[in-house]
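Novice: Attaching a single structure in structure tokens format; questions to follow.
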Amino acid sequence: MRPNELMQRLSLQHPIIQAPMAGGIDTPLLVSTVGERGGIGFIGAAYLSPDRLSSAVAEVRSLTERPFGVNLFGPVFRPGLPADIGRAIAAVTPAYASLGLQDPTGPGVPDDLFDARLEVALNSGATALSFILSPPTDTAVDETRRRGMTLIGTATTVAEGRHLEELGVDAVVAQGAEAGGHRGTFAADVSLSLVGTMALVPQMVDALEIPVIAAGGIMDGRGIAAALALGAQAVQMGTVFLATEESGADATYTRSVLAAADGDPVVTTVFTGKPARAIRNRFIVEIEDAGEAAVLPFPYQGELTGPIRSAAKRQHQAGYQAHWAGQGVGMARSLSTRDLMSRLVEETDEAIRRLSGR
Ligand SMILES: Cc1cc2nc3c(=O)[nH]c(=O)nc-3n(C[C@H](O)[C@H](O)[C@H](O)COP(=O)(O)O)c2cc1C
């Protein structure tokens with residue numbers, strides 16, 4: 001296809017962005033392979049220490065000379081720890097016990113590493129820097145502009161997209177409700193921001209001057225062609241890469257993904273306190289049954305459930321892990337990233353050919 005503005009900016013041969021997937025999924029090999037195959041991969045830095053982010057960047061750069069991106073969770077307002085954390089503690093205690101962990105006492109308070117991560121990202125040699133959970137900070141806007149990096153924000157409503165455009169981002173990810181992982185919602189109530197990709201993308205395209213990237217439920221060439229038809233200049237795909245050979249998802253996660261159907265991934269706050277889409281499992285059911293008061297705000301809930309998720313991972317217990325995935329999960333494919341990228345390109349061409357009757 002003829003390169004559009006965003007493809008030129010990011011040196012893309014194909015309009016395919018591998019979504020940042022913090023938590024070890026977006027390995028340097030995944031990021032670099034997507035780049036080598038003509039797309040662009042992102043390193044999700046949300047849970048990486050600045051040193052580990054530097055190492056991930058160095059590894060990607062040792063594997064490819066192609067562009068790559070870095071993604072940050074933007075700074076999020078931290079409420080004080082609620083006075084009564086008893087219900088939250090009581091709700092997770094059975095999970096701690098079931099995994100052989102000592103009873104929880106209370107959540108720790110994670111260090112705020114945003115500035116340090118931003119510094120590494122700005123000096124990483126990345127072509128693009130993207131944000132989710134909040135708009136980019138003024139420093140990010142100024143410094144990416146100074147360096148000629150492409151700055152990307154994530155929006156789940158048109159109003160959020162407009163806000164990001166006014167701030168000066170170069171492109172917006174329009175994240176539909178189908179998407180796996182955290183909701184990028186930052187300016188509205190999450191229940192009012194679950195707009196599907198099919199509805200969100202064209203409205204965003206009409207409202208903004210800057211390029212729109214479609215995300216959420218796009219799993220094959222039909223989805224890519226549809227997103228392009230809606231006016232998106234590229235797609236950002238997460239779930240489709242989960243079961244690839246280069247993905248950092250372990251065997252338990254991969255099994256959950258390959259066994260899941262469209263209705264299994266649900267939006268829940270039980271893992272981190274922020275709404276995110278994950279495959280429904282025992283932990284989600286148990287904590288949601290305990291009621292809203294049993295979930296602490298972000299980032300405390302994440303601290304409280306961190307030991308559960310780590311132990312469950314070590315013990316291969318799918319019931320207590322956060323298996324993030326989108327509603328397209330039933331179309332996940334177990335392939336090498338190289339083969340997946342080739343198929344996505346072929347399928348997109350085929351879908352466009354079919355529609356144009358050529
Ligand atoms: C496992 C997983 C982790 C994710 N982590 C991040 C992240 O760290 N930063 C981010 O901006 N988006 C993250 N996302 C959301 C993606 O950017 C994107 O919106 C989503 O994957 C698109 O929907 P899809 O999963 O249906 O392709 C994550 C998605 C998944 C599936």
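Within each chain, counting starts at residue 1; across the structure tokens, chains are named A, B, ... in the order shown, with ligands numbered 1 upward in that order.
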Dump the neighbourhood of ligand 1 as a ChimeraX atom specification: all residues within 8 Å, distances computed on only C-alpha atoms and all ligand atoms.

Specialist: /A:19-23,25,43-46,71-73,130-133,154,173,175-176,178-184,215-219,236-240,242,277,323-329

Novice: Could you make a table, as a tab-separated table, of the residues of stretch 12-32 of chain A that have an atom within 12 Å of an atom of stretch 339-343 of chain A, each with its nearest atom pair and distance in Å to one decimal, counting only C-alpha atoms, in chain and number order?

Specialist:
residue	atom	partner	partner_atom	distance
A:Gln13	CA	A:Met341	CA	11.4
A:His14	CA	A:Met341	CA	9.2
A:Pro15	CA	A:Met341	CA	11.0
A:Ile16	CA	A:Met341	CA	8.6
A:Ile17	CA	A:Met341	CA	10.6
A:Gln18	CA	A:Met341	CA	10.2
A:Leu30	CA	A:Met341	CA	11.1

Novice: Smallest atom-to-atom distance to A:Tyr47: which of A:Pro275, A:Val158, A:Val212, A:Pro299, using only C-alpha atoms?

Specialist: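 Selected residue with least distance to A:Tyr47: A:Pro299.
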
Novice: Could you jot down the atom CA of A:Asp115 to atom CA of A:Tyr300 separation for me, Å, one decimal place?

Specialist: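 Value for the atom CA of A:Asp115-atom CA of A:Tyr300 distance: 19.7 Å.
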
Novice: Counting only C-alpha atoms, which residue out of A:Leu344, A:Ala207, A:Val190, A:Ala174 sits closest to A:Ala232?

Specialist: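 Of A:Leu344, A:Ala207, A:Val190, A:Ala174, the one nearest A:Ala232 is A:Ala174, counting only C-alpha atoms.
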